[in-house]
Amino acid sequence: MSLLGRIRGADAPRRVLFLVVGGVLALALVAFLVPWLVLDGDDPEACRKAPASARALARDPERATKALDPGKVVTHAGTEPVRRLLGVTGAPLCEGPEGTQLAGRVLVAATTGRTAEDQAEPARPHTERQALVAYAVVDALGRGRDGYQPDFALGLSPYLAQMFASYIQDTSRAVLGGAPSDWEHPTATDEEAEYGDDSGNWATPFPSGRDVHAVFPGISTTEKVLRRVAASPRAFATLYDAERARFAWYLERLTDKAQEPGEEPKEGVMATETELERSATFVAELMGARTAAVKDGFALAPSLAAFDGAVLEHTRGLYHPADHRVRTRPSDATLAQRRPDASAGSGKRAVERLMDGRVQLFTVFDAWARKRHIPAGTVERLRTDMDTRYANALNLL
């Protein structure tokens with residue numbers, strides 16, 4: 001063997017050692033970098049917890065509202081705290097106690113003035129800052145992470161539903177009609193919403209004089225968010241309960257001519273038509289949204305039957321207007337807290353009746369009209385308007 005061959009032979013063990021050590025180091029580097037690259041990249045499975053400050057904010061509604069306040073002129077920069085909390089920017093929120101549930105508790109505290117655990121406590125009129133946060137939430141989620149469709153984590157839905165229920169008059173208005181075209185602000189007080197000719201109020205039919213209303217962004221934006229929220233049976237039940245409670249609240253304050261107090265007989269029932277059409281549209285939209293969510297596979301239930309059964313489990317019950325005219329004007333913030341007047345029942349038949357929006361609306365309406373002796377012609381007119389709106393809303397989904 002030549003001298004060169006002997007040298008190579010002597011170095012062989014050393015070369016093997018170098019190769020082994022190099023391989024181990026390379027594997028270690030890959031093991032470190034791959035998870036980091038995946039989490040920092042476009043992995044759809046990546047998610048994050050709610051911000052570290054969320055736990056303290058969830059326990060302190062006033063502090064939560066201040067932290068998320070976007071300012072009176074809502075801008076993209078102003079909604080950054082809301083977008084960061086709800087996972088609109090960066091990685092989406094993880095489902096569960098440290099993600100959607102914690103962020104949702106902050107959301108409820110900031111927009112309602114009560115912690116998520118204290119929602120049964122009597123509600124107070126919303127403050128301007130709370131209403132601004134509610135507006136910012138819908139504005140941020142309505143744009144979605146892709147700038148087109150809402151795609152927030154569905155674990156947020158029950159908490160978003162609590163927020164919308166607390167603003168059910170504003171939410172229902174946003175689905176049909178919205179604010180006057182010349183109103184450019186994200187909130188409005190009862191006084192600001194009065195028509196200049198003293199003919200009524202565009203924010204609420206029975207202003208308490210103490211409420212600040214959220215004037216949610218464009219109708220389509222609010223509808224998109226609501227449709228995704230309604231993919232959760234629990235959230236659906238919260239919204240459905242709130243609107244049916246509002247429906248009863250409205251009917252029992254009308255006169256025996258089915259007019260809003262203060263209207264002249266010659267003015268007819270146009271204002272009443274508008275409010276009842278809103279209820280019909282809202283309920284139909286909910287029903288259509290839940291059907292679409294199940295069909296498209298993102299509902300939090302495996303089938304329509306399972307979804308509807310879960311709604312029955314979560315609903316608070318049925319709502320009926322008083323059989324006499326009620327003259328009080330409570331804050332709109334309290335409407336969803338109305339106590340149900342009857343149980344929704346149990347079993348398959350109860351599910352079918354509860355989840356038939358027409359049955360729920362017209363059963364209540366017909367009983368009210370009969371007890372209050374509303375003129376037959378007026379009843380027929382209002383019934384036809386409601387039915388038309390209900391059908392149109394379902395067909396548009």
# chains A, B, ... in the order shown; residues from 1 in each chain; ligands from 1
>>> select_by_dssp(residues="region 82-312 of chain A", states="strand (DSSP E or B)", output="ChimeraX atom specification")
/A:93,187-189,194,201,212-214
>>> residues_around(residues="region 92-107 of chain A", least_positions_apart="2", cutoff="10 Å", atoms="only C-alpha atoms", output="PyMOL selection string")
chain A and resi 44-61+63-65+68+82+84-90+109-117+133-134+137+145+151-160+162-163
>>> residues_around(residues="Gly178 (chain A)", least_positions_apart="4", cutoff="7 Å", atoms="only C-alpha atoms", output="list in words")
Arg173, Ala174 and Ile219 of chain A
>>> select_by_dssp(residues="region 33-275 of chain A", states="alpha helix (DSSP H)", output="ChimeraX atom specification")
/A:33-40,54-58,61-68,80-86,100-112,128-143,157-166,168-175,219-229,233-251,270-275
>>> residues_around(residues="Ala231 (chain A)", least_positions_apart="6", cutoff="8 Å", atoms="only C-alpha atoms", output="list in words")
Leu154, Ser157, Ala289, Arg290, Ala293, Val294, Phe298, Ala299 and Leu300 of chain A
>>> write_last_selection(atoms="N, CA and C atoms", output="CSV table (one decimal), in the first residue's frame")
chain,number,residue,atom,x,y,z
A,154,LEU,N,-65.4,29.5,15.8
A,154,LEU,CA,-66.8,29.4,16.2
A,154,LEU,C,-67.0,29.3,17.7
A,157,SER,N,-68.8,32.2,19.2
A,157,SER,CA,-70.2,32.5,18.8
A,157,SER,C,-71.1,32.7,20.0
A,289,ALA,N,-79.8,30.6,8.2
A,289,ALA,CA,-78.4,30.6,8.5
A,289,ALA,C,-78.0,29.2,9.1
A,290,ARG,N,-78.9,28.7,10.0
A,290,ARG,CA,-78.6,27.4,10.6
A,290,ARG,C,-78.7,26.3,9.6
A,293,ALA,N,-75.5,26.5,7.5
A,293,ALA,CA,-74.3,26.1,8.2
A,293,ALA,C,-74.2,24.5,8.3
A,294,VAL,N,-75.4,23.9,8.6
A,294,VAL,CA,-75.4,22.4,8.6
A,294,VAL,C,-75.0,21.9,7.2
A,298,PHE,N,-70.1,23.4,8.6
A,298,PHE,CA,-69.4,24.1,9.7
A,298,PHE,C,-70.2,24.4,10.9
A,299,ALA,N,-71.4,23.9,10.9
A,299,ALA,CA,-72.3,24.0,12.1
A,299,ALA,C,-71.7,23.2,13.2
A,300,LEU,N,-72.0,23.6,14.5
A,300,LEU,CA,-71.5,22.8,15.6
A,300,LEU,C,-72.5,21.8,16.0
>>> atom_distance(atom1="CA of Val326 (chain A)", atom2="CA of Pro180 (chain A)")
28.2 Å
>>> atom_distance(atom1="CA of Gly288 (chain A)", atom2="CA of Gly345 (chain A)")
23.1 Å
>>> closest_atom_pairs(of="region 176-232 of chain A", to="region 236-242 of chain A", cutoff="8 Å", atoms="only C-alpha atoms", output="CSV")
residue,atom,partner,partner_atom,distance
A:Val229,CA,A:Phe236,CA,7.3
A:Ala230,CA,A:Phe236,CA,4.7
A:Ala231,CA,A:Phe236,CA,7.1
A:Ser232,CA,A:Phe236,CA,6.0
>>> write_last_selection(atoms="C-alpha atoms", output="PDB file, in the first residue's frame")
ATOM      1  CA  VAL A 229     -72.646  33.154  14.904  1.00  0.00           C
ATOM      2  CA  ALA A 230     -75.855  31.203  14.254  1.00  0.00           C
ATOM      3  CA  ALA A 231     -73.819  28.107  13.353  1.00  0.00           C
ATOM      4  CA  SER A 232     -73.677  27.386  17.093  1.00  0.00           C
TER       5      SER A 232
END
>>> residues_around(residues="Glu223 (chain A)", least_positions_apart="5", cutoff="12 Å", atoms="only C-alpha atoms", output="PyMOL selection string")
chain A and resi 138-139+141-143+149-150+164+171-176+178+216-218+228-230+281-282+284-286+288-289+393+396-397
>>> write_last_selection(atoms="C-alpha atoms", output="PDB file, in the first residue's frame")
ATOM      1  CA  VAL A 138     -68.839  43.715  14.165  1.00  0.00           C
ATOM      2  CA  ASP A 139     -66.718  45.911  11.913  1.00  0.00           C
ATOM      3  CA  LEU A 141     -65.211  40.392  12.296  1.00  0.00           C
ATOM      4  CA  GLY A 142     -67.349  41.345   9.315  1.00  0.00           C
ATOM      5  CA  ARG A 143     -64.268  41.911   7.182  1.00  0.00           C
ATOM      6  CA  GLN A 149     -66.112  36.597   4.623  1.00  0.00           C
ATOM      7  CA  PRO A 150     -66.158  36.299   8.441  1.00  0.00           C
ATOM      8  CA  PHE A 164     -75.920  40.938  20.127  1.00  0.00           C
ATOM      9  CA  THR A 171     -79.194  44.190  15.968  1.00  0.00           C
ATOM     10  CA  SER A 172     -82.712  43.693  14.634  1.00  0.00           C
ATOM     11  CA  ARG A 173     -82.664  47.182  13.133  1.00  0.00           C
ATOM     12  CA  ALA A 174     -79.332  46.452  11.431  1.00  0.00           C
ATOM     13  CA  VAL A 175     -80.774  43.417   9.635  1.00  0.00           C
ATOM     14  CA  LEU A 176     -83.625  45.411   8.094  1.00  0.00           C
ATOM     15  CA  GLY A 178     -80.424  50.245   9.486  1.00  0.00           C
ATOM     16  CA  PHE A 216     -73.739  48.615  13.452  1.00  0.00           C
ATOM     17  CA  PRO A 217     -71.870  48.880  10.133  1.00  0.00           C
ATOM     18  CA  GLY A 218     -73.569  48.112   6.802  1.00  0.00           C
ATOM     19  CA  ARG A 228     -71.665  32.634  11.268  1.00  0.00           C
ATOM     20  CA  VAL A 229     -72.646  33.154  14.904  1.00  0.00           C
ATOM     21  CA  ALA A 230     -75.855  31.203  14.254  1.00  0.00           C
ATOM     22  CA  THR A 281     -86.779  39.012   8.764  1.00  0.00           C
ATOM     23  CA  PHE A 282     -84.527  38.386  11.752  1.00  0.00           C
ATOM     24  CA  ALA A 284     -86.095  33.902   8.979  1.00  0.00           C
ATOM     25  CA  GLU A 285     -82.436  34.860   8.647  1.00  0.00           C
ATOM     26  CA  LEU A 286     -81.603  32.801  11.717  1.00  0.00           C
ATOM     27  CA  GLY A 288     -81.805  30.032   6.990  1.00  0.00           C
ATOM     28  CA  ALA A 289     -78.353  30.558   8.501  1.00  0.00           C
ATOM     29  CA  ALA A 393     -85.623  36.550   3.834  1.00  0.00           C
ATOM     30  CA  LEU A 396     -82.460  35.486  -0.241  1.00  0.00           C
ATOM     31  CA  LEU A 397     -80.165  33.235   1.811  1.00  0.00           C
TER      32      LEU A 397
END
>>> atom_distance(atom1="CA of Leu354 (chain A)", atom2="CA of Tyr390 (chain A)")
15.8 Å
>>> closest_residue(among="A:Asp296, A:Asp385, A:Asp118, A:Asp332", to="Ala245 (chain A)", atoms="only C-alpha atoms")
A:Asp332
>>> closest_atom_pairs(of="region 351-396 of chain A", to="region 265-277 of chain A", cutoff="7 Å", atoms="only C-alpha atoms", output="tab-separated table")
residue	atom	partner	partner_atom	distance
A:Leu382	CA	A:Glu273	CA	6.1
A:Asp385	CA	A:Glu277	CA	6.6
A:Met386	CA	A:Glu277	CA	5.1
A:Arg389	CA	A:Glu277	CA	6.0
>>> residues_around(residues="Thr255 (chain A)", least_positions_apart="2", cutoff="12 Å", atoms="only C-alpha atoms", output="list in words")
Tyr250, Leu251, Glu252, Arg253, Lys257, Ala258, Gln259, Glu260, Pro261, Gly262, Glu263, Glu264, Pro265, Gly268, Val269, Thr272, Asp323, His324, Arg325, Val326, Arg327, Trp368, Ala369, Arg372, His373, Ile374 and Pro375 of chain A
>>> closest_residue(among="A:Thr378, A:Thr291, A:Thr334, A:Thr328", to="Glu121 (chain A)", atoms="only C-alpha atoms")
A:Thr334
>>> closest_residue(among="A:Ala376, A:Ala280, A:Ala310, A:Ala301", to="Val359 (chain A)", atoms="only C-alpha atoms")
A:Ala280
